[in-house]
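Just coords_30.tsv here, TSV, N, CA and C atoms and all ligand atoms:
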```
chain	number	residue	atom	x	y	z
A	1	MET	N	0.83	-1.22	0.00
A	1	MET	CA	0.00	0.00	0.00
A	1	MET	C	0.86	1.26	0.00
A	2	LYS	N	1.88	1.25	0.88
A	2	LYS	CA	2.76	2.42	0.96
A	2	LYS	C	3.49	2.64	-0.37
A	3	THR	N	3.98	1.56	-0.95
A	3	THR	CA	4.71	1.66	-2.22
A	3	THR	C	3.79	2.15	-3.32
A	4	GLN	N	2.54	1.68	-3.26
A	4	GLN	CA	1.58	2.10	-4.27
A	4	GLN	C	1.36	3.61	-4.23
A	5	LYS	N	1.21	4.11	-3.02
A	5	LYS	CA	0.99	5.56	-2.86
A	5	LYS	C	2.19	6.34	-3.37
A	6	PHE	N	3.37	5.80	-3.02
A	6	PHE	CA	4.61	6.46	-3.44
A	6	PHE	C	4.69	6.47	-4.97
A	7	PHE	N	4.35	5.34	-5.55
A	7	PHE	CA	4.40	5.22	-7.01
A	7	PHE	C	3.44	6.22	-7.67
A	8	LEU	N	2.26	6.31	-7.09
A	8	LEU	CA	1.25	7.24	-7.60
A	8	LEU	C	1.76	8.68	-7.52
A	9	ALA	N	2.41	9.00	-6.39
A	9	ALA	CA	2.93	10.36	-6.20
A	9	ALA	C	3.98	10.67	-7.26
A	10	VAL	N	4.83	9.68	-7.54
A	10	VAL	CA	5.88	9.88	-8.55
A	10	VAL	C	5.25	10.10	-9.93
A	11	VAL	N	4.26	9.26	-10.23
A	11	VAL	CA	3.58	9.39	-11.53
A	11	VAL	C	2.94	10.77	-11.67
A	12	LEU	N	2.27	11.19	-10.61
A	12	LEU	CA	1.61	12.50	-10.63
A	12	LEU	C	2.65	13.61	-10.80
A	13	ALA	N	3.76	13.49	-10.10
A	13	ALA	CA	4.81	14.51	-10.18
A	13	ALA	C	5.36	14.60	-11.59
A	14	VAL	N	5.54	13.45	-12.22
A	14	VAL	CA	6.07	13.43	-13.58
A	14	VAL	C	5.06	14.06	-14.54
A	15	ILE	N	3.79	13.68	-14.38
A	15	ILE	CA	2.75	14.24	-15.25
A	15	ILE	C	2.68	15.75	-15.07
A	16	PHE	N	2.72	16.18	-13.81
A	16	PHE	CA	2.61	17.62	-13.52
A	16	PHE	C	3.75	18.41	-14.15
A	17	SER	N	4.98	17.91	-13.96
A	17	SER	CA	6.12	18.66	-14.50
A	17	SER	C	6.09	18.64	-16.03
A	18	ALA	N	5.62	17.54	-16.60
A	18	ALA	CA	5.54	17.46	-18.06
A	18	ALA	C	4.52	18.47	-18.58
A	19	THR	N	3.40	18.61	-17.88
A	19	THR	CA	2.37	19.55	-18.31
A	19	THR	C	2.86	20.98	-18.20
A	20	SER	N	3.51	21.29	-17.07
A	20	SER	CA	3.94	22.67	-16.91
A	20	SER	C	5.05	22.99	-17.92
A	21	PHE	N	5.86	21.99	-18.23
A	21	PHE	CA	6.89	22.22	-19.24
A	21	PHE	C	6.23	22.51	-20.59
A	22	ALA	N	5.20	21.73	-20.91
A	22	ALA	CA	4.49	21.91	-22.17
A	22	ALA	C	3.89	23.31	-22.25
A	23	GLN	N	3.35	23.77	-21.12
A	23	GLN	CA	2.73	25.09	-21.11
A	23	GLN	C	3.77	26.18	-21.37
A	24	VAL	N	4.92	26.05	-20.69
A	24	VAL	CA	5.99	27.03	-20.88
A	24	VAL	C	6.42	27.02	-22.34
A	25	HIS	N	6.54	25.83	-22.88
A	25	HIS	CA	6.97	25.69	-24.26
A	25	HIS	C	5.95	26.36	-25.20
A	26	ASP	N	4.68	26.04	-25.00
A	26	ASP	CA	3.61	26.63	-25.81
A	26	ASP	C	3.64	28.14	-25.73
A	27	HIS	N	3.83	28.63	-24.53
A	27	HIS	CA	3.81	30.07	-24.31
A	27	HIS	C	4.88	30.76	-25.17
A	28	SER	N	6.08	30.21	-25.17
A	28	SER	CA	7.15	30.86	-25.92
A	28	SER	C	6.86	30.78	-27.43
A	29	LYS	N	6.14	29.72	-27.82
A	29	LYS	CA	5.83	29.56	-29.24
A	29	LYS	C	4.79	30.59	-29.71
A	30	MET	N	3.79	30.86	-28.85
A	30	MET	CA	2.74	31.77	-29.29
A	30	MET	C	2.95	33.21	-28.81
A	31	ALA	N	4.15	33.51	-28.35
A	31	ALA	CA	4.43	34.85	-27.84
A	31	ALA	C	4.57	35.87	-28.96
A	32	ALA	N	4.20	35.51	-30.16
A	32	ALA	CA	4.36	36.41	-31.29
A	32	ALA	C	3.68	37.76	-31.06
A	33	THR	N	2.40	37.89	-31.40
A	33	THR	CA	1.74	39.16	-31.19
A	33	THR	C	0.32	38.96	-30.67
A	34	LYS	N	-0.18	40.04	-30.09
A	34	LYS	CA	-1.54	40.05	-29.57
A	34	LYS	C	-2.22	41.29	-30.15
A	35	THR	N	-3.47	41.14	-30.56
A	35	THR	CA	-4.21	42.28	-31.07
A	35	THR	C	-5.31	42.64	-30.08
A	36	GLU	N	-5.43	43.92	-29.82
A	36	GLU	CA	-6.38	44.37	-28.81
A	36	GLU	C	-6.97	45.70	-29.27
A	37	THR	N	-8.25	45.93	-28.98
A	37	THR	CA	-8.82	47.24	-29.27
A	37	THR	C	-9.16	47.91	-27.95
A	38	ILE	N	-8.74	49.15	-27.83
A	38	ILE	CA	-8.90	49.90	-26.58
A	38	ILE	C	-9.57	51.23	-26.90
A	39	LYS	N	-10.53	51.60	-26.10
A	39	LYS	CA	-11.18	52.90	-26.29
A	39	LYS	C	-10.26	54.00	-25.78
A	40	VAL	N	-10.02	54.99	-26.64
A	40	VAL	CA	-9.17	56.11	-26.25
A	40	VAL	C	-9.88	57.41	-26.60
A	41	ALA	N	-10.02	58.29	-25.62
A	41	ALA	CA	-10.72	59.55	-25.84
A	41	ALA	C	-9.91	60.48	-26.72
A	42	GLY	N	-10.60	61.18	-27.65
A	42	GLY	CA	-9.93	62.11	-28.53
A	42	GLY	C	-10.91	62.67	-29.54
A	43	ASN	N	-10.48	63.63	-30.37
A	43	ASN	CA	-11.37	64.27	-31.33
A	43	ASN	C	-10.93	64.16	-32.79
A	44	CYS	N	-9.73	64.65	-33.05
A	44	CYS	CA	-9.40	64.98	-34.44
A	44	CYS	C	-8.15	64.28	-34.95
A	45	GLU	N	-7.70	64.77	-36.11
A	45	GLU	CA	-6.51	64.19	-36.76
A	45	GLU	C	-5.25	64.38	-35.91
A	46	SER	N	-5.16	65.52	-35.21
A	46	SER	CA	-3.95	65.68	-34.40
A	46	SER	C	-4.00	64.81	-33.15
A	47	CYS	N	-5.21	64.52	-32.68
A	47	CYS	CA	-5.35	63.55	-31.60
A	47	CYS	C	-4.83	62.21	-32.08
A	48	LYS	N	-5.27	61.84	-33.28
A	48	LYS	CA	-4.89	60.56	-33.88
A	48	LYS	C	-3.37	60.44	-33.93
A	49	ALA	N	-2.72	61.48	-34.43
A	49	ALA	CA	-1.27	61.45	-34.55
A	49	ALA	C	-0.62	61.33	-33.16
A	50	ARG	N	-1.15	62.08	-32.20
A	50	ARG	CA	-0.60	62.09	-30.85
A	50	ARG	C	-0.77	60.72	-30.18
A	51	ILE	N	-1.98	60.17	-30.31
A	51	ILE	CA	-2.29	58.87	-29.68
A	51	ILE	C	-1.42	57.77	-30.28
A	52	GLU	N	-1.37	57.75	-31.62
A	52	GLU	CA	-0.63	56.68	-32.28
A	52	GLU	C	0.87	56.77	-32.00
A	53	LYS	N	1.37	57.99	-31.90
A	53	LYS	CA	2.79	58.18	-31.60
A	53	LYS	C	3.08	57.68	-30.18
A	54	ALA	N	2.20	58.05	-29.24
A	54	ALA	CA	2.40	57.65	-27.84
A	54	ALA	C	2.30	56.15	-27.66
A	55	ALA	N	1.39	55.53	-28.46
A	55	ALA	CA	1.15	54.10	-28.32
A	55	ALA	C	2.28	53.25	-28.88
A	56	LYS	N	3.08	53.85	-29.75
A	56	LYS	CA	4.17	53.08	-30.38
A	56	LYS	C	5.38	52.97	-29.46
A	57	VAL	N	5.17	52.33	-28.32
A	57	VAL	CA	6.29	52.09	-27.41
A	57	VAL	C	6.98	50.80	-27.87
A	58	ASP	N	8.10	50.49	-27.28
A	58	ASP	CA	8.85	49.29	-27.64
A	58	ASP	C	7.97	48.05	-27.43
A	59	GLY	N	7.85	47.23	-28.45
A	59	GLY	CA	7.04	46.02	-28.34
A	59	GLY	C	5.71	46.16	-29.07
A	60	VAL	N	5.36	47.39	-29.45
A	60	VAL	CA	4.11	47.63	-30.19
A	60	VAL	C	4.45	47.69	-31.68
A	61	SER	N	3.82	46.82	-32.47
A	61	SER	CA	4.15	46.82	-33.89
A	61	SER	C	3.13	47.63	-34.70
A	62	LYS	N	1.94	47.83	-34.14
A	62	LYS	CA	0.93	48.56	-34.89
A	62	LYS	C	0.00	49.28	-33.90
A	63	ALA	N	-0.30	50.55	-34.20
A	63	ALA	CA	-1.23	51.30	-33.37
A	63	ALA	C	-2.04	52.21	-34.29
A	64	ILE	N	-3.32	51.91	-34.44
A	64	ILE	CA	-4.17	52.71	-35.33
A	64	ILE	C	-5.41	53.15	-34.58
A	65	TRP	N	-5.59	54.48	-34.51
A	65	TRP	CA	-6.74	55.02	-33.79
A	65	TRP	C	-7.77	55.55	-34.79
A	66	ASN	N	-9.01	55.21	-34.54
A	66	ASN	CA	-10.09	55.63	-35.43
A	66	ASN	C	-10.85	56.79	-34.76
A	67	ASP	N	-10.87	57.96	-35.42
A	67	ASP	CA	-11.49	59.14	-34.80
A	67	ASP	C	-13.02	59.06	-34.78
A	68	LYS	N	-13.60	58.14	-35.55
A	68	LYS	CA	-15.07	57.97	-35.52
A	68	LYS	C	-15.49	57.07	-34.35
A	69	THR	N	-14.83	55.93	-34.24
A	69	THR	CA	-15.21	54.97	-33.19
A	69	THR	C	-14.45	55.19	-31.88
A	70	LYS	N	-13.38	56.01	-31.92
A	70	LYS	CA	-12.50	56.26	-30.76
A	70	LYS	C	-11.81	55.00	-30.29
A	71	MET	N	-11.69	54.04	-31.20
A	71	MET	CA	-11.05	52.79	-30.81
A	71	MET	C	-9.63	52.72	-31.36
A	72	LEU	N	-8.73	52.32	-30.50
A	72	LEU	CA	-7.35	52.13	-30.90
A	72	LEU	C	-7.10	50.64	-31.11
A	73	THR	N	-6.65	50.28	-32.30
A	73	THR	CA	-6.28	48.89	-32.56
A	73	THR	C	-4.79	48.76	-32.32
A	74	LEU	N	-4.47	47.87	-31.42
A	74	LEU	CA	-3.10	47.74	-30.97
A	74	LEU	C	-2.61	46.33	-31.27
A	75	VAL	N	-1.46	46.23	-31.93
A	75	VAL	CA	-0.83	44.93	-32.13
A	75	VAL	C	0.51	44.99	-31.42
A	76	TYR	N	0.70	44.09	-30.45
A	76	TYR	CA	1.93	44.16	-29.66
A	76	TYR	C	2.42	42.79	-29.24
A	77	ASN	N	3.63	42.78	-28.78
A	77	ASN	CA	4.25	41.55	-28.29
A	77	ASN	C	4.08	41.50	-26.77
A	78	PRO	N	3.22	40.61	-26.28
A	78	PRO	CA	2.91	40.59	-24.85
A	78	PRO	C	4.12	40.24	-23.97
A	79	SER	N	5.15	39.64	-24.54
A	79	SER	CA	6.33	39.34	-23.72
A	79	SER	C	7.24	40.56	-23.60
A	80	LYS	N	6.97	41.58	-24.42
A	80	LYS	CA	7.80	42.79	-24.37
A	80	LYS	C	7.11	43.95	-23.68
A	81	VAL	N	5.79	44.04	-23.86
A	81	VAL	CA	5.08	45.20	-23.33
A	81	VAL	C	3.67	44.78	-22.90
A	82	LYS	N	3.16	45.45	-21.88
A	82	LYS	CA	1.81	45.15	-21.41
A	82	LYS	C	0.84	46.22	-21.91
A	83	SER	N	-0.39	45.81	-22.12
A	83	SER	CA	-1.42	46.75	-22.56
A	83	SER	C	-1.51	47.95	-21.62
A	84	ASP	N	-1.37	47.69	-20.33
A	84	ASP	CA	-1.42	48.77	-19.33
A	84	ASP	C	-0.33	49.81	-19.56
A	85	ASP	N	0.87	49.34	-19.93
A	85	ASP	CA	1.98	50.27	-20.17
A	85	ASP	C	1.68	51.18	-21.35
A	86	VAL	N	1.06	50.61	-22.38
A	86	VAL	CA	0.71	51.40	-23.56
A	86	VAL	C	-0.36	52.43	-23.17
A	87	GLN	N	-1.35	51.98	-22.41
A	87	GLN	CA	-2.42	52.89	-21.97
A	87	GLN	C	-1.88	54.02	-21.10
A	88	LYS	N	-0.88	53.70	-20.27
A	88	LYS	CA	-0.25	54.72	-19.44
A	88	LYS	C	0.44	55.76	-20.31
A	89	ALA	N	1.12	55.28	-21.35
A	89	ALA	CA	1.84	56.19	-22.25
A	89	ALA	C	0.86	57.10	-22.99
A	90	ILE	N	-0.31	56.58	-23.32
A	90	ILE	CA	-1.33	57.37	-24.02
A	90	ILE	C	-1.92	58.41	-23.07
A	91	ALA	N	-2.21	57.99	-21.85
A	91	ALA	CA	-2.75	58.92	-20.85
A	91	ALA	C	-1.73	60.03	-20.55
A	92	ALA	N	-0.46	59.68	-20.61
A	92	ALA	CA	0.60	60.65	-20.30
A	92	ALA	C	0.65	61.80	-21.31
A	93	VAL	N	0.13	61.58	-22.54
A	93	VAL	CA	0.13	62.66	-23.52
A	93	VAL	C	-1.23	63.37	-23.58
A	94	GLY	N	-2.16	62.98	-22.70
A	94	GLY	CA	-3.41	63.73	-22.58
A	94	GLY	C	-4.68	63.01	-22.96
A	95	HIS	N	-4.59	61.72	-23.30
A	95	HIS	CA	-5.80	61.02	-23.76
A	95	HIS	C	-6.20	59.91	-22.79
A	96	ASP	N	-7.45	59.99	-22.33
A	96	ASP	CA	-7.96	59.01	-21.37
A	96	ASP	C	-8.14	57.63	-22.02
A	97	THR	N	-7.80	56.60	-21.27
A	97	THR	CA	-8.11	55.22	-21.65
A	97	THR	C	-9.01	54.68	-20.54
A	98	PRO	N	-9.64	53.51	-20.74
A	98	PRO	CA	-10.51	53.00	-19.68
A	98	PRO	C	-9.79	52.84	-18.35
A	99	LYS	N	-8.52	52.52	-18.37
A	99	LYS	CA	-7.80	52.26	-17.12
A	99	LYS	C	-7.02	53.45	-16.59
A	100	PHE	N	-6.54	54.31	-17.48
A	100	PHE	CA	-5.69	55.41	-17.04
A	100	PHE	C	-6.20	56.74	-17.58
A	101	LYS	N	-6.25	57.71	-16.69
A	101	LYS	CA	-6.75	59.04	-17.07
A	101	LYS	C	-5.58	60.01	-17.20
A	102	ALA	N	-5.73	60.94	-18.15
A	102	ALA	CA	-4.73	61.98	-18.30
A	102	ALA	C	-4.80	62.92	-17.10
A	103	THR	N	-3.66	63.45	-16.71
A	103	THR	CA	-3.68	64.42	-15.61
A	103	THR	C	-4.28	65.72	-16.14
A	104	GLU	N	-4.81	66.51	-15.23
A	104	GLU	CA	-5.45	67.78	-15.60
A	104	GLU	C	-4.45	68.70	-16.31
A	105	LYS	N	-3.23	68.69	-15.80
A	105	LYS	CA	-2.18	69.55	-16.34
A	105	LYS	C	-1.91	69.22	-17.81
A	106	VAL	N	-1.76	67.94	-18.10
A	106	VAL	CA	-1.47	67.51	-19.48
A	106	VAL	C	-2.69	67.77	-20.36
A	107	TYR	N	-3.87	67.46	-19.82
A	107	TYR	CA	-5.10	67.67	-20.61
A	107	TYR	C	-5.28	69.14	-20.98
A	108	ASN	N	-5.07	70.02	-20.01
A	108	ASN	CA	-5.25	71.45	-20.25
A	108	ASN	C	-4.26	72.01	-21.27
A	109	ALA	N	-3.14	71.34	-21.42
A	109	ALA	CA	-2.13	71.80	-22.37
A	109	ALA	C	-2.43	71.36	-23.81
A	110	LEU	N	-3.46	70.54	-24.00
A	110	LEU	CA	-3.83	70.11	-25.35
A	110	LEU	C	-4.37	71.29	-26.15
A	111	PRO	N	-4.18	71.28	-27.49
A	111	PRO	CA	-4.78	72.33	-28.31
A	111	PRO	C	-6.32	72.30	-28.19
A	112	GLY	N	-6.95	73.44	-28.42
A	112	GLY	CA	-8.40	73.56	-28.27
A	112	GLY	C	-9.21	72.49	-28.99
A	113	CYS	N	-8.81	72.17	-30.22
A	113	CYS	CA	-9.56	71.19	-31.01
A	113	CYS	C	-9.50	69.79	-30.41
A	114	CYS	N	-8.55	69.59	-29.53
A	114	CYS	CA	-8.35	68.25	-28.97
A	114	CYS	C	-9.02	68.06	-27.61
A	115	LYS	N	-9.63	69.13	-27.09
A	115	LYS	CA	-10.31	69.00	-25.79
A	115	LYS	C	-11.57	68.17	-25.97
A	116	TYR	N	-11.54	66.98	-25.45
A	116	TYR	CA	-12.66	66.04	-25.66
A	116	TYR	C	-13.62	65.97	-24.49
A	117	LYS	N	-13.31	66.66	-23.40
A	117	LYS	CA	-14.20	66.59	-22.23
A	117	LYS	C	-15.22	67.72	-22.24
B	1	CU	CU	-7.21	66.64	-31.58
```
As C-alpha cells, what does this structure read like?
Amino acid sequence: MKTQKFFLAVVLAVIFSATSFAQVHDHSKMAATKTETIKVAGNCESCKARIEKAAKVDGVSKAIWNDKTKMLTLVYNPSKVKSDDVQKAIAAVGHDTPKFKATEKVYNALPGCCKYK
C-alpha cells in the first residue's frame, strides 16, 4: 500500500512537470503578437497622430486610432510590453483610456480642437 501511494505520487509529479513544461513551451511559441482594441478619448486628426505616436512604445508593432469609433487597434508583443503600459503612455500625452486618465495639467495643455471633455 505504501509503495503504491509512493508510485502514484511519482507518476503525478512526472505528469505535472511534463504539463507545466508543455505550457511554458507553448507560451514561448505563441508569444508572437496580440491584437487588442482599446477605447481612447480624442477628437481629431492631431489627436490621432498624438495617440498613435504615444502608443508606439517598444514592443508595439501597430497602433491605429479611429477618430469615428474612438477605438485604438493595438498589435503588440505581450512578452515585451503590457497593454497597461501602452495605456499609461497614451494617458501621459493627454488622452484618457478605460484604465488610465490623463492628468489635468497635461489635458489642459492640449490644443483647443483636442479637448474632448
Ligand atoms: Cu485633436
Let me make sure I understand: among A:Val60, A:Gln4, A:Ala55, A:Lys34, which one has the smallest atom-to-atom distance to Ile90 (chain A) if we use all atoms listed in the file? A:Ala55
One decimal, in Å: what's the spacing between CA of Lys117 (chain A) and atom CU of ligand CU 1 (chain B)?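 Separating CA of Lys117 (chain A) from atom CU of ligand CU 1 (chain B) is a distance of 11.7 Å.
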Which residue out of A:Ile38, A:Ala54, A:Cys114, A:Cys44 has the minimum interatomic distance to Ala91 (chain A) when only C-alpha atoms are used?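 Closest residue, counting only C-alpha atoms: A:Ala54.
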Could you state the separation of atom C of Ala41 (chain A) and CA of Thr97 (chain A) in Å, given to one decimal place? 7.5 Å
Two-atom distance - CA of Leu110 (chain A), CA of Ala92 (chain A) (Å):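 Pair CA of Leu110 (chain A) / CA of Ala92 (chain A) returns 11.6 Å.
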Restricting the calculation to only N, CA and C atoms and all ligand atoms: of A:Tyr76, A:Tyr107, A:Tyr116, A:Trp65, which residue gets closest to ligand CU 1 (chain B)?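 When distances to ligand CU 1 (chain B) are compared using only N, CA and C atoms and all ligand atoms, the smallest one comes from A:Tyr116.
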Just the residues within 12 Å of region 82-84 of chain A, please, counting only C-alpha atoms, with nothing from its chain fewer than 2 positions along; format it as number ranges by chain. A: 33-38, 55-60, 63, 72-80, 86-91, 97-101
Counting all atoms listed in the file, what residues are within 6 Å of ligand CU 1 (chain B), given as a list in words?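 Based on all atoms listed in the file, ligand CU 1 (chain B) is surrounded within 6 Å by Gly42, Asn43, Cys44, Glu45, Ser46, Cys47, Lys48, Cys113, Cys114 and Lys115 of chain A.
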